[in-house]
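As structure tokens, the structure follows; a few thoughts come after it.
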Amino acid sequence: MILAIETSCDDTCAAVLDSSGRQALSNVVHTQTEHSRYGGVVPEVASRAHLERMDGVVEAALAEAGATLDDVGSVAVTVRPGLIGALLVGVSTAKGIAYARRLPLVPVNHLEGHVAAAYLADPGLEPPFVALIASGGHTALYSVGEDGMRLLGETLDDAAGEALDKGARMLGLGFPGGPALSKAAEGGDPDRYDFPVGLKGKADLDFSFSGLKTSLLYKLKAMDADEVSRELVHLAAGYEAAVVEALVRKLLRAAELHDAPALVVVGGVAANGPLRRRLEAEAARLGKGLVVPPPALCTDNAAMIGAAAAATPALPFPDYLSLNARSV
Ligand code: KG4
Ligand code: ZN
């Protein structure tokens with residue numbers, strides 16, 4: 001079995017997978033609540049909370065899988081990118097377990113992990129496909145082939161989730177903003193206000209959400225509080241639709257350019273209802289496969305890291321002793 005560990009941000013995660021890496025036997029996520037009163041993730045608080053929770057989360061992942069360390073054949077861990085202190089807790093834990101048990105260790109890139117969540121959602125999936133990662137920290141498009149992932153485009157400013165979170169904050173909605181904004185937008189008219197779709201006319205595959213944010217800011221400045229509360233549903237719907245349109249437009253362009261038979265969408269924003277519905281309609285129209293994993297596999301988790309490990313070269317015992325975490 002593969003024991004996988006993920007601590008790149010504010011979730012302390014461990015999972016156990018079968019040796020193929022396509023079936024998760026457990027997937028334990030401890031989401032840190034310590035950050036809520038600061039309105040964002042505090043790196044030092046995250047490191048400390050990982051340290052306090054890590055051993056318990058690993059034990060829980062083994063127990064839920066009905067396994068012990070004797071069943072583990074390799075240890076996979078996120079080594080980059082992420083908060084350096086947070087990553088180090090996972091990397092040190094993985095090194096300690098692997099060294100003590102004389103096991104190989106697989107260093108995994110967090111973004112490759114996000115994409116590999118698609119293999120857990122659809123064990124029959126094989127490259128080639130195009131993949132969109134849309135989360136609070138990342139928005140990037142990849143072409144995935146037998147030989148790995150190639151970056152096609154990424155955001156020039158905010159991530160899609162970050163844009164949703166900031167828009168929601170401007171509208172006085174809760175955090176995380178994505179789900180709050182989506183709820184507030186229900187029944188709204190997305191066309192009542194004109195919101196810009198970032199880099200819409202550009203042929204490249206990059207994203208930009210700063211113009212959208214500014215557009216909302218100016219609309220709100222021109223309204224009084226009563227008008228904002230009356231128009232909230234339409235403002236939220238228009239803002240959300242502009243984010244969805246930018247993501248779908250570039251993903252489809254990438255699929256066309258690379259003649260990809262399937263589309264994969266992962267990251268926290270993949271939980272978005274309007275985005276899922278648009279993707280389903282477009283994939284059906286184009287006759288392309290579509291994999292959007294369930295939310296538990298889309299947000300940060302260790303099962304996706306184990307899934308990516310299956311396609312990543314392992315470092316044999318004890319070659320990983322000098323392995324380090326990297327923030328980028
Ligand atoms: O992948 P993720 O859990 O965390 C990291 O970025 O590490 O993504 C979180 C992002 C947040 O920005 C959140 O607002 C967004 O995903 N999100 C959503 C929804 N659920 C979460 N955005 C739109 N609609 C949702 N239902
Ligand atoms: Zn992530």
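Within each chain, counting starts at residue 1; across the structure tokens, chains are named A, B, ... in the order shown, with ligands numbered 1 upward in that order.
If one restricts the calculation to only C-alpha atoms and all ligand atoms, the set of residues situated within 10 Å of ligand 2 consists of Glu6, Thr7, Ser8, Cys9, Asp10, Asp11, Pro81, Gly82, His110, Leu111, Glu112, Gly113, His114, Ile133, Ala134, Ser135, Gly136, Gly137, His138, Val266, Gly267, Gly268, Cys298, Thr299, Asp300 and Asn301 of chain A.
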Written selection (C-alpha atoms) as a compact mmCIF listing (two decimals), in the first residue's frame:
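Written out: part37.txt:
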# COMPACT_ATOMS: atom_id res chain seq x y z
CA GLU A 6 -0.08 16.36 2.44
CA THR A 7 0.56 19.49 4.54
CA SER A 8 1.22 22.24 1.98
CA CYS A 9 -1.30 24.76 3.34
CA ASP A 10 -3.85 24.58 6.16
CA ASP A 11 -5.12 20.99 5.87
CA PRO A 81 4.77 24.20 -3.80
CA GLY A 82 3.26 25.54 -0.57
CA HIS A 110 1.09 19.41 -5.15
CA LEU A 111 -0.28 20.51 -8.54
CA GLU A 112 0.38 17.10 -10.08
CA GLY A 113 -1.48 15.77 -7.06
CA HIS A 114 -4.53 17.91 -7.80
CA ILE A 133 -6.71 23.43 -11.71
CA ALA A 134 -8.90 26.13 -10.16
CA SER A 135 -8.45 26.65 -6.44
CA GLY A 136 -7.94 29.42 -3.92
CA GLY A 137 -4.21 29.42 -4.61
CA HIS A 138 -3.86 28.28 -8.22
CA VAL A 266 -9.97 19.93 -10.23
CA GLY A 267 -9.39 22.28 -7.27
CA GLY A 268 -11.87 23.78 -4.81
CA CYS A 298 -10.96 18.43 -5.40
CA THR A 299 -9.94 20.30 -2.26
CA ASP A 300 -6.57 19.57 -0.65
CA ASN A 301 -6.26 15.91 0.40
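Within segment 150-207 of chain A, residues classed as strand (DSSP E) by DSSP on backbone coordinates are A:Arg150, A:Leu151, A:Leu152, A:Gly153, A:Glu154.
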Selection from above, all heavy atoms, as an mmCIF file, in the first residue's frame, can you write it?
data_model
loop_
_atom_site.group_PDB
_atom_site.id
_atom_site.type_symbol
_atom_site.label_atom_id
_atom_site.label_comp_id
_atom_site.auth_asym_id
_atom_site.auth_seq_id
_atom_site.Cartn_x
_atom_site.Cartn_y
_atom_site.Cartn_z
ATOM 1 N N ARG A 150 2.272 19.402 -19.014
ATOM 2 C CA ARG A 150 2.902 20.593 -19.576
ATOM 3 C C ARG A 150 1.995 21.792 -19.307
ATOM 4 O O ARG A 150 0.804 21.757 -19.619
ATOM 5 C CB ARG A 150 3.099 20.414 -21.082
ATOM 6 C CG ARG A 150 4.096 21.379 -21.682
ATOM 7 C CD ARG A 150 4.656 20.824 -22.980
ATOM 8 N NE ARG A 150 3.612 20.662 -23.987
ATOM 9 C CZ ARG A 150 3.162 21.668 -24.746
ATOM 10 N NH1 ARG A 150 3.679 22.875 -24.634
ATOM 11 N NH2 ARG A 150 2.202 21.463 -25.627
ATOM 12 N N LEU A 151 2.582 22.838 -18.725
ATOM 13 C CA LEU A 151 1.801 24.043 -18.414
ATOM 14 C C LEU A 151 1.441 24.768 -19.699
ATOM 15 O O LEU A 151 2.309 25.092 -20.510
ATOM 16 C CB LEU A 151 2.622 24.965 -17.496
ATOM 17 C CG LEU A 151 1.925 26.243 -17.039
ATOM 18 C CD1 LEU A 151 0.786 25.944 -16.073
ATOM 19 C CD2 LEU A 151 2.924 27.201 -16.377
ATOM 20 N N LEU A 152 0.150 25.063 -19.887
ATOM 21 C CA LEU A 152 -0.299 25.778 -21.094
ATOM 22 C C LEU A 152 -0.598 27.240 -20.795
ATOM 23 O O LEU A 152 -0.463 28.100 -21.660
ATOM 24 C CB LEU A 152 -1.563 25.118 -21.655
ATOM 25 C CG LEU A 152 -1.471 23.645 -22.037
ATOM 26 C CD1 LEU A 152 -2.842 23.134 -22.479
ATOM 27 C CD2 LEU A 152 -0.445 23.449 -23.144
ATOM 28 N N GLY A 153 -1.056 27.505 -19.587
ATOM 29 C CA GLY A 153 -1.408 28.878 -19.230
ATOM 30 C C GLY A 153 -1.751 28.938 -17.756
ATOM 31 O O GLY A 153 -2.049 27.916 -17.140
ATOM 32 N N GLU A 154 -1.691 30.146 -17.201
ATOM 33 C CA GLU A 154 -2.026 30.289 -15.775
ATOM 34 C C GLU A 154 -2.499 31.705 -15.504
ATOM 35 O O GLU A 154 -2.462 32.558 -16.394
ATOM 36 C CB GLU A 154 -0.821 29.939 -14.906
ATOM 37 C CG GLU A 154 0.383 30.824 -15.152
ATOM 38 C CD GLU A 154 1.629 30.299 -14.452
ATOM 39 O OE1 GLU A 154 1.495 29.674 -13.387
ATOM 40 O OE2 GLU A 154 2.732 30.516 -14.980
#
Point to revise | Spatial neighbours of Leu88 of chain A, 8 Å, only C-alpha atoms, chain gap at least 3 places, as a list in words | key: Val79, Ile84, Gly85, Val91, Ser92, Asn324 and Ala325 of chain A
Let's have the selection written as a PDB file, in the first residue's frame, with N, CA, C and O atoms.
ATOM      1  N   VAL A  79       6.070  17.797  -1.617  1.00  0.00           N
ATOM      2  CA  VAL A  79       7.305  18.511  -1.294  1.00  0.00           C
ATOM      3  C   VAL A  79       7.289  19.963  -1.782  1.00  0.00           C
ATOM      4  O   VAL A  79       8.102  20.772  -1.350  1.00  0.00           O
ATOM      5  N   ILE A  84       6.362  26.956   3.312  1.00  0.00           N
ATOM      6  CA  ILE A  84       7.554  26.153   3.566  1.00  0.00           C
ATOM      7  C   ILE A  84       7.507  25.443   4.924  1.00  0.00           C
ATOM      8  O   ILE A  84       7.814  24.252   5.030  1.00  0.00           O
ATOM      9  N   GLY A  85       7.093  26.159   5.966  1.00  0.00           N
ATOM     10  CA  GLY A  85       7.043  25.539   7.295  1.00  0.00           C
ATOM     11  C   GLY A  85       6.002  24.437   7.362  1.00  0.00           C
ATOM     12  O   GLY A  85       6.199  23.413   8.022  1.00  0.00           O
ATOM     13  N   VAL A  91       6.980  16.610   5.126  1.00  0.00           N
ATOM     14  CA  VAL A  91       8.197  16.004   4.571  1.00  0.00           C
ATOM     15  C   VAL A  91       8.992  15.300   5.674  1.00  0.00           C
ATOM     16  O   VAL A  91       9.463  14.170   5.500  1.00  0.00           O
ATOM     17  N   SER A  92       9.109  15.933   6.834  1.00  0.00           N
ATOM     18  CA  SER A  92       9.874  15.324   7.934  1.00  0.00           C
ATOM     19  C   SER A  92       9.175  14.072   8.447  1.00  0.00           C
ATOM     20  O   SER A  92       9.835  13.067   8.762  1.00  0.00           O
ATOM     21  N   ASN A 324      14.486  18.064   0.592  1.00  0.00           N
ATOM     22  CA  ASN A 324      13.976  19.254   1.265  1.00  0.00           C
ATOM     23  C   ASN A 324      12.631  19.661   0.673  1.00  0.00           C
ATOM     24  O   ASN A 324      12.285  19.266  -0.437  1.00  0.00           O
ATOM     25  N   ALA A 325      11.887  20.481   1.415  1.00  0.00           N
ATOM     26  CA  ALA A 325      10.646  21.048   0.897  1.00  0.00           C
ATOM     27  C   ALA A 325      10.988  22.337   0.160  1.00  0.00           C
ATOM     28  O   ALA A 325      11.988  22.984   0.461  1.00  0.00           O
TER      29      ALA A 325
END
Point to revise | Nearest-residue call for Arg37 of chain A, choices A:Gly167, A:Phe175, A:Tyr142, A:His50, using only C-alpha atoms | key: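 Among A:Gly167, A:Phe175, A:Tyr142, A:His50, it is A:Phe175 that comes nearest to Arg37 of chain A.
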**Study point:** Val292 of chain A environment, 7 Å, only C-alpha atoms, sequence neighbours closer than 6 positions dropped, as a list in words
**Key:**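 Returned residues: Ala118, Val264, Val265, Val266 and Ala270 of chain A.
For the pair atom CA of Thr312 of chain A and atom CA of Ser327 of chain A, the interatomic distance is 19.3 Å.
Proximity ranking of A:Ser210, A:Thr12, A:Asn27, A:Asn272 relative to Lys183 of chain A places A:Asn272 first, based on only C-alpha atoms.
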**Study point:** Minimum-distance residue to ligand 1, chosen among A:Val233, A:Ala4, A:Val291, A:Ala184 (using only C-alpha atoms and all ligand atoms)
**Key:**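 Using only C-alpha atoms and all ligand atoms, ligand 1 sits closest to A:Ala184.
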Practice item. Please return as number ranges by chain: the residues of segment 6-153 of chain A that backbone DSSP assigns to helix (DSSP H, G or I). Key: A: 36-38, 43-64, 69-71, 84-101, 110-121
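Compared by their closest atoms to ligand 1, and using only C-alpha atoms and all ligand atoms, the residues A:Arg285, A:Arg249, A:Arg276, A:Arg101 rank with A:Arg276 nearest.
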Check your understanding: Any idea what the distance is between atom CA of Ala61 of chain A and atom CA of Val29 of chain A?
Key -> 9.1 Å
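Distances to Ser229 of chain A were evaluated for A:Ala49, A:Met149, A:Ala67, A:Leu173 using only C-alpha atoms, and the minimum falls at A:Leu173.
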Practice item. Identify, on the basis of only C-alpha atoms, every residue whose closest approach to Gly289 of chain A does not exceed 12 Å; exclude the query and any residue fewer than 5 positions from it along the same chain; express the result as a PyMOL selection string. Key: chain A and resi 118+122+124-131+255+260-265+279-284
Could you dump the residues just selected with all heavy atoms as a compact mmCIF listing (two decimals), in the first residue's frame?
# COMPACT_ATOMS: atom_id res chain seq x y z
N ALA A 118 -8.19 13.09 -10.54
CA ALA A 118 -9.07 12.61 -11.60
C ALA A 118 -8.96 11.09 -11.78
O ALA A 118 -9.94 10.44 -12.14
CB ALA A 118 -8.73 13.31 -12.92
N ASP A 122 -12.07 8.56 -11.67
CA ASP A 122 -12.33 7.72 -12.84
C ASP A 122 -11.10 6.85 -13.09
O ASP A 122 -10.20 7.21 -13.85
CB ASP A 122 -12.61 8.61 -14.07
CG ASP A 122 -12.86 7.77 -15.31
OD1 ASP A 122 -12.78 6.52 -15.23
OD2 ASP A 122 -13.13 8.36 -16.37
N GLY A 124 -10.51 4.56 -14.89
CA GLY A 124 -10.26 4.19 -16.29
C GLY A 124 -9.62 5.31 -17.10
O GLY A 124 -9.25 5.12 -18.25
N LEU A 125 -9.49 6.49 -16.49
CA LEU A 125 -8.94 7.65 -17.22
C LEU A 125 -7.48 7.41 -17.61
O LEU A 125 -6.68 6.95 -16.79
CB LEU A 125 -9.04 8.91 -16.34
CG LEU A 125 -8.45 10.20 -16.92
CD1 LEU A 125 -9.30 10.72 -18.07
CD2 LEU A 125 -8.31 11.27 -15.84
N GLU A 126 -7.14 7.75 -18.85
CA GLU A 126 -5.75 7.68 -19.31
C GLU A 126 -5.44 8.95 -20.08
O GLU A 126 -6.33 9.51 -20.72
CB GLU A 126 -5.54 6.47 -20.23
CG GLU A 126 -5.72 5.10 -19.59
CD GLU A 126 -4.68 4.76 -18.52
OE1 GLU A 126 -3.61 5.42 -18.49
OE2 GLU A 126 -4.94 3.86 -17.71
N PRO A 127 -4.18 9.42 -20.05
CA PRO A 127 -3.80 10.55 -20.90
C PRO A 127 -3.97 10.13 -22.37
O PRO A 127 -3.94 8.92 -22.64
CB PRO A 127 -2.33 10.78 -20.56
CG PRO A 127 -2.06 9.99 -19.33
CD PRO A 127 -3.07 8.89 -19.28
N PRO A 128 -4.11 11.05 -23.31
CA PRO A 128 -4.01 12.50 -23.11
C PRO A 128 -5.33 13.15 -22.69
O PRO A 128 -6.39 12.67 -23.03
CB PRO A 128 -3.62 12.98 -24.52
CG PRO A 128 -4.29 12.02 -25.44
CD PRO A 128 -4.26 10.69 -24.73
N PHE A 129 -5.21 14.24 -21.96
CA PHE A 129 -6.35 15.09 -21.64
C PHE A 129 -5.84 16.48 -21.28
O PHE A 129 -4.62 16.65 -21.08
CB PHE A 129 -7.21 14.50 -20.51
CG PHE A 129 -6.47 14.16 -19.24
CD1 PHE A 129 -6.21 15.12 -18.28
CD2 PHE A 129 -6.04 12.85 -18.99
CE1 PHE A 129 -5.56 14.80 -17.09
CE2 PHE A 129 -5.38 12.51 -17.80
CZ PHE A 129 -5.15 13.50 -16.85
N VAL A 130 -6.73 17.45 -21.25
CA VAL A 130 -6.33 18.77 -20.74
C VAL A 130 -6.93 18.91 -19.35
O VAL A 130 -8.03 18.42 -19.09
CB VAL A 130 -6.78 19.95 -21.63
CG1 VAL A 130 -5.92 20.04 -22.88
CG2 VAL A 130 -8.24 19.88 -21.97
N ALA A 131 -6.18 19.55 -18.45
CA ALA A 131 -6.62 19.67 -17.06
C ALA A 131 -6.59 21.12 -16.61
O ALA A 131 -5.64 21.85 -16.89
CB ALA A 131 -5.72 18.82 -16.16
N ALA A 255 -8.42 22.47 -25.17
CA ALA A 255 -8.81 21.14 -25.67
C ALA A 255 -8.78 21.13 -27.19
O ALA A 255 -8.35 20.15 -27.81
CB ALA A 255 -10.20 20.79 -25.16
N ALA A 260 -7.53 17.36 -27.49
CA ALA A 260 -7.64 16.46 -26.33
C ALA A 260 -9.02 15.81 -26.31
O ALA A 260 -10.03 16.48 -26.44
CB ALA A 260 -7.42 17.25 -25.04
N PRO A 261 -9.05 14.48 -26.13
CA PRO A 261 -10.34 13.78 -26.10
C PRO A 261 -11.09 13.92 -24.78
O PRO A 261 -12.26 13.57 -24.70
CB PRO A 261 -9.95 12.32 -26.35
CG PRO A 261 -8.54 12.21 -25.89
CD PRO A 261 -7.90 13.56 -26.08
N ALA A 262 -10.40 14.42 -23.73
CA ALA A 262 -11.09 14.52 -22.43
C ALA A 262 -10.67 15.77 -21.67
O ALA A 262 -9.57 16.29 -21.86
CB ALA A 262 -10.80 13.27 -21.59
N LEU A 263 -11.59 16.24 -20.82
CA LEU A 263 -11.37 17.42 -19.99
C LEU A 263 -11.38 17.00 -18.53
O LEU A 263 -12.24 16.20 -18.12
CB LEU A 263 -12.50 18.44 -20.20
CG LEU A 263 -12.96 18.73 -21.61
CD1 LEU A 263 -14.23 19.58 -21.59
CD2 LEU A 263 -11.84 19.45 -22.36
N VAL A 264 -10.45 17.56 -17.75
CA VAL A 264 -10.39 17.28 -16.32
C VAL A 264 -10.40 18.62 -15.59
O VAL A 264 -9.67 19.54 -15.97
CB VAL A 264 -9.09 16.49 -15.97
CG1 VAL A 264 -8.79 16.55 -14.49
CG2 VAL A 264 -9.21 15.04 -16.44
N VAL A 265 -11.25 18.76 -14.59
CA VAL A 265 -11.29 20.01 -13.81
C VAL A 265 -11.21 19.67 -12.33
O VAL A 265 -12.01 18.88 -11.82
CB VAL A 265 -12.56 20.84 -14.11
CG1 VAL A 265 -12.55 22.13 -13.31
CG2 VAL A 265 -12.65 21.15 -15.61
N LEU A 279 -19.75 22.81 -17.91
CA LEU A 279 -18.79 21.82 -18.40
C LEU A 279 -19.50 20.59 -18.95
O LEU A 279 -19.12 20.06 -19.99
CB LEU A 279 -17.84 21.40 -17.26
CG LEU A 279 -16.84 22.46 -16.81
CD1 LEU A 279 -16.18 22.05 -15.50
CD2 LEU A 279 -15.77 22.67 -17.89
N GLU A 280 -20.53 20.14 -18.24
CA GLU A 280 -21.26 18.96 -18.70
C GLU A 280 -21.90 19.23 -20.06
O GLU A 280 -21.82 18.40 -20.97
CB GLU A 280 -22.34 18.57 -17.68
CG GLU A 280 -21.75 17.76 -16.53
CD GLU A 280 -22.62 17.76 -15.29
OE1 GLU A 280 -23.82 18.09 -15.37
OE2 GLU A 280 -22.07 17.42 -14.21
N ALA A 281 -22.49 20.42 -20.22
CA ALA A 281 -23.14 20.75 -21.49
C ALA A 281 -22.11 20.84 -22.62
O ALA A 281 -22.32 20.30 -23.72
CB ALA A 281 -23.90 22.06 -21.35
N GLU A 282 -20.98 21.49 -22.35
CA GLU A 282 -19.97 21.68 -23.40
C GLU A 282 -19.31 20.36 -23.78
O GLU A 282 -19.06 20.09 -24.96
CB GLU A 282 -18.89 22.67 -22.93
CG GLU A 282 -19.39 24.10 -22.73
CD GLU A 282 -19.74 24.81 -24.04
OE1 GLU A 282 -19.46 24.28 -25.13
OE2 GLU A 282 -20.31 25.92 -23.96
N ALA A 283 -19.02 19.52 -22.78
CA ALA A 283 -18.38 18.22 -23.07
C ALA A 283 -19.31 17.36 -23.92
O ALA A 283 -18.88 16.71 -24.87
CB ALA A 283 -18.01 17.51 -21.77
N ALA A 284 -20.60 17.39 -23.59
CA ALA A 284 -21.58 16.60 -24.36
C ALA A 284 -21.66 17.13 -25.79
O ALA A 284 -21.66 16.36 -26.75
CB ALA A 284 -22.94 16.67 -23.68
**Study point:** Point-to-point distance from atom CA of Leu120 of chain A to atom CA of Ala140 of chain A, Å rounded to tenths
**Key:**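 Going from atom CA of Leu120 of chain A over to atom CA of Ala140 of chain A, I get 20.3 Å.
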Which residues are near Val243 of chain A? Cut-off 12 Å, only C-alpha atoms, ignore same chain within fewer than 4 positions. Put them as a tab-separated table (two decimals) with N, CA, C and O atoms, in the first residue's frame.
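Ended up saving to selection36.tsv:
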chain	number	residue	atom	x	y	z
A	134	ALA	N	-8.34	24.85	-10.60
A	134	ALA	CA	-8.90	26.13	-10.16
A	134	ALA	C	-9.17	26.05	-8.67
A	134	ALA	O	-10.11	25.40	-8.23
A	139	THR	N	-4.59	28.81	-10.44
A	139	THR	CA	-5.46	28.66	-11.61
A	139	THR	C	-4.54	28.42	-12.78
A	139	THR	O	-3.79	29.32	-13.20
A	155	THR	N	-2.92	31.97	-14.28
A	155	THR	CA	-3.43	33.29	-14.00
A	155	THR	C	-2.29	34.29	-13.89
A	155	THR	O	-1.21	33.98	-13.39
A	158	ASP	N	-4.88	37.11	-9.73
A	158	ASP	CA	-5.52	36.29	-8.70
A	158	ASP	C	-5.87	34.90	-9.23
A	158	ASP	O	-6.09	34.72	-10.42
A	159	ALA	N	-5.96	33.94	-8.31
A	159	ALA	CA	-6.52	32.63	-8.66
A	159	ALA	C	-8.04	32.79	-8.73
A	159	ALA	O	-8.60	33.72	-8.15
A	160	ALA	N	-8.70	31.86	-9.44
A	160	ALA	CA	-10.15	31.95	-9.61
A	160	ALA	C	-10.87	31.93	-8.25
A	160	ALA	O	-11.78	32.73	-8.00
A	161	GLY	N	-10.43	31.04	-7.36
A	161	GLY	CA	-11.06	30.96	-6.03
A	161	GLY	C	-10.83	32.24	-5.23
A	161	GLY	O	-11.71	32.71	-4.51
A	162	GLU	N	-9.63	32.78	-5.39
A	162	GLU	CA	-9.29	34.04	-4.70
A	162	GLU	C	-10.20	35.16	-5.21
A	162	GLU	O	-10.68	35.98	-4.43
A	163	ALA	N	-10.44	35.19	-6.52
A	163	ALA	CA	-11.32	36.22	-7.11
A	163	ALA	C	-12.74	36.06	-6.56
A	163	ALA	O	-13.41	37.05	-6.25
A	164	LEU	N	-13.19	34.81	-6.43
A	164	LEU	CA	-14.53	34.58	-5.86
A	164	LEU	C	-14.57	35.00	-4.39
A	164	LEU	O	-15.52	35.63	-3.93
A	165	ASP	N	-13.49	34.66	-3.65
A	165	ASP	CA	-13.44	35.02	-2.23
A	165	ASP	C	-13.43	36.54	-2.05
A	165	ASP	O	-14.11	37.08	-1.18
A	167	GLY	N	-14.50	38.85	-4.24
A	167	GLY	CA	-15.79	39.38	-4.68
A	167	GLY	C	-16.84	39.20	-3.60
A	167	GLY	O	-17.61	40.12	-3.30
A	178	GLY	N	-16.45	31.42	-2.33
A	178	GLY	CA	-16.99	30.70	-3.49
A	178	GLY	C	-18.40	30.16	-3.25
A	178	GLY	O	-19.34	30.53	-3.96
A	181	LEU	N	-20.93	33.04	-2.41
A	181	LEU	CA	-21.30	33.82	-3.59
A	181	LEU	C	-22.29	33.02	-4.46
A	181	LEU	O	-23.27	33.56	-4.98
A	182	SER	N	-22.01	31.73	-4.58
A	182	SER	CA	-22.84	30.87	-5.40
A	182	SER	C	-24.26	30.81	-4.85
A	182	SER	O	-25.24	30.83	-5.59
A	190	PRO	N	-27.57	36.78	-14.54
A	190	PRO	CA	-26.14	37.03	-14.75
A	190	PRO	C	-25.87	38.10	-15.80
A	190	PRO	O	-24.75	38.60	-15.90
A	195	PHE	N	-20.11	42.40	-16.63
A	195	PHE	CA	-18.82	42.13	-15.98
A	195	PHE	C	-17.82	41.64	-17.03
A	195	PHE	O	-18.17	40.81	-17.87
A	196	PRO	N	-16.57	42.11	-16.98
A	196	PRO	CA	-15.59	41.69	-17.99
A	196	PRO	C	-15.09	40.26	-17.76
A	196	PRO	O	-14.84	39.86	-16.63
A	197	VAL	N	-14.98	39.51	-18.85
A	197	VAL	CA	-14.39	38.17	-18.79
A	197	VAL	C	-12.91	38.33	-19.12
A	197	VAL	O	-12.56	38.73	-20.23
A	198	GLY	N	-12.04	38.03	-18.15
A	198	GLY	CA	-10.60	38.29	-18.28
A	198	GLY	C	-9.97	37.65	-19.51
A	198	GLY	O	-10.17	36.47	-19.77
A	199	LEU	N	-9.19	38.45	-20.26
A	199	LEU	CA	-8.42	37.98	-21.42
A	199	LEU	C	-9.28	37.21	-22.42
A	199	LEU	O	-8.82	36.28	-23.08
A	200	LYS	N	-10.55	37.62	-22.52
A	200	LYS	CA	-11.53	36.93	-23.35
A	200	LYS	C	-11.10	36.85	-24.82
A	200	LYS	O	-11.16	35.79	-25.44
A	207	PHE	N	-5.13	33.46	-17.69
A	207	PHE	CA	-6.32	33.98	-17.04
A	207	PHE	C	-5.98	35.29	-16.33
A	207	PHE	O	-4.83	35.50	-15.94
A	208	SER	N	-6.99	36.14	-16.15
A	208	SER	CA	-6.80	37.34	-15.34
A	208	SER	C	-8.14	37.69	-14.71
A	208	SER	O	-9.17	37.68	-15.39
A	209	PHE	N	-8.12	37.95	-13.41
A	209	PHE	CA	-9.37	38.27	-12.71
A	209	PHE	C	-9.35	39.64	-12.06
A	209	PHE	O	-10.30	40.02	-11.39
A	210	SER	N	-8.27	40.40	-12.25
A	210	SER	CA	-8.18	41.68	-11.55
A	210	SER	C	-9.18	42.70	-12.12
A	210	SER	O	-9.75	43.50	-11.38
A	211	GLY	N	-9.40	42.67	-13.43
A	211	GLY	CA	-10.35	43.60	-14.05
A	211	GLY	C	-11.77	43.35	-13.56
A	211	GLY	O	-12.55	44.29	-13.34
A	212	LEU	N	-12.10	42.11	-13.36
A	212	LEU	CA	-13.42	41.74	-12.86
A	212	LEU	C	-13.64	42.29	-11.46
A	212	LEU	O	-14.69	42.88	-11.15
A	213	LYS	N	-12.61	42.14	-10.62
A	213	LYS	CA	-12.68	42.65	-9.24
A	213	LYS	C	-12.88	44.16	-9.24
A	213	LYS	O	-13.73	44.69	-8.52
A	236	ALA	N	-24.06	39.15	-7.73
A	236	ALA	CA	-23.37	37.87	-7.43
A	236	ALA	C	-23.44	36.95	-8.64
A	236	ALA	O	-22.44	36.31	-9.01
A	237	ALA	N	-24.60	36.88	-9.29
A	237	ALA	CA	-24.76	35.99	-10.45
A	237	ALA	C	-23.85	36.43	-11.61
A	237	ALA	O	-23.23	35.60	-12.27
A	238	GLY	N	-23.78	37.75	-11.83
A	238	GLY	CA	-22.96	38.26	-12.93
A	238	GLY	C	-21.48	38.03	-12.68
A	238	GLY	O	-20.73	37.65	-13.59
A	239	TYR	N	-21.07	38.24	-11.43
A	239	TYR	CA	-19.66	38.08	-11.06
A	239	TYR	C	-19.25	36.61	-11.19
A	239	TYR	O	-18.23	36.27	-11.78
A	247	LEU	N	-13.02	30.53	-17.19
A	247	LEU	CA	-12.44	29.18	-17.00
A	247	LEU	C	-12.84	28.25	-18.14
A	247	LEU	O	-12.00	27.56	-18.72
A	248	VAL	N	-14.13	28.24	-18.47
A	248	VAL	CA	-14.63	27.32	-19.51
A	248	VAL	C	-14.04	27.67	-20.87
A	248	VAL	O	-13.60	26.81	-21.63
A	249	ARG	N	-14.04	28.97	-21.17
A	249	ARG	CA	-13.54	29.44	-22.47
A	249	ARG	C	-12.11	28.98	-22.73
A	249	ARG	O	-11.78	28.43	-23.78
A	250	LYS	N	-11.22	29.17	-21.74
A	250	LYS	CA	-9.81	28.81	-21.95
A	250	LYS	C	-9.61	27.29	-21.94
A	250	LYS	O	-8.77	26.76	-22.65
A	269	VAL	N	-12.63	25.17	-6.66
A	269	VAL	CA	-13.64	25.85	-7.48
A	269	VAL	C	-14.45	24.85	-8.33
A	269	VAL	O	-15.56	25.15	-8.76
A	270	ALA	N	-13.88	23.65	-8.53
A	270	ALA	CA	-14.60	22.62	-9.31
A	270	ALA	C	-15.89	22.20	-8.62
A	270	ALA	O	-16.72	21.52	-9.22
A	272	ASN	N	-18.11	24.22	-7.87
A	272	ASN	CA	-19.10	25.23	-8.26
A	272	ASN	C	-20.19	24.66	-9.19
A	272	ASN	O	-19.89	24.11	-10.25
A	274	PRO	N	-22.73	26.11	-11.18
A	274	PRO	CA	-22.81	26.62	-12.56
A	274	PRO	C	-21.63	26.17	-13.43
A	274	PRO	O	-21.81	25.88	-14.62
A	275	LEU	N	-20.44	26.09	-12.85
A	275	LEU	CA	-19.27	25.63	-13.62
A	275	LEU	C	-19.47	24.18	-14.04
A	275	LEU	O	-19.26	23.82	-15.21
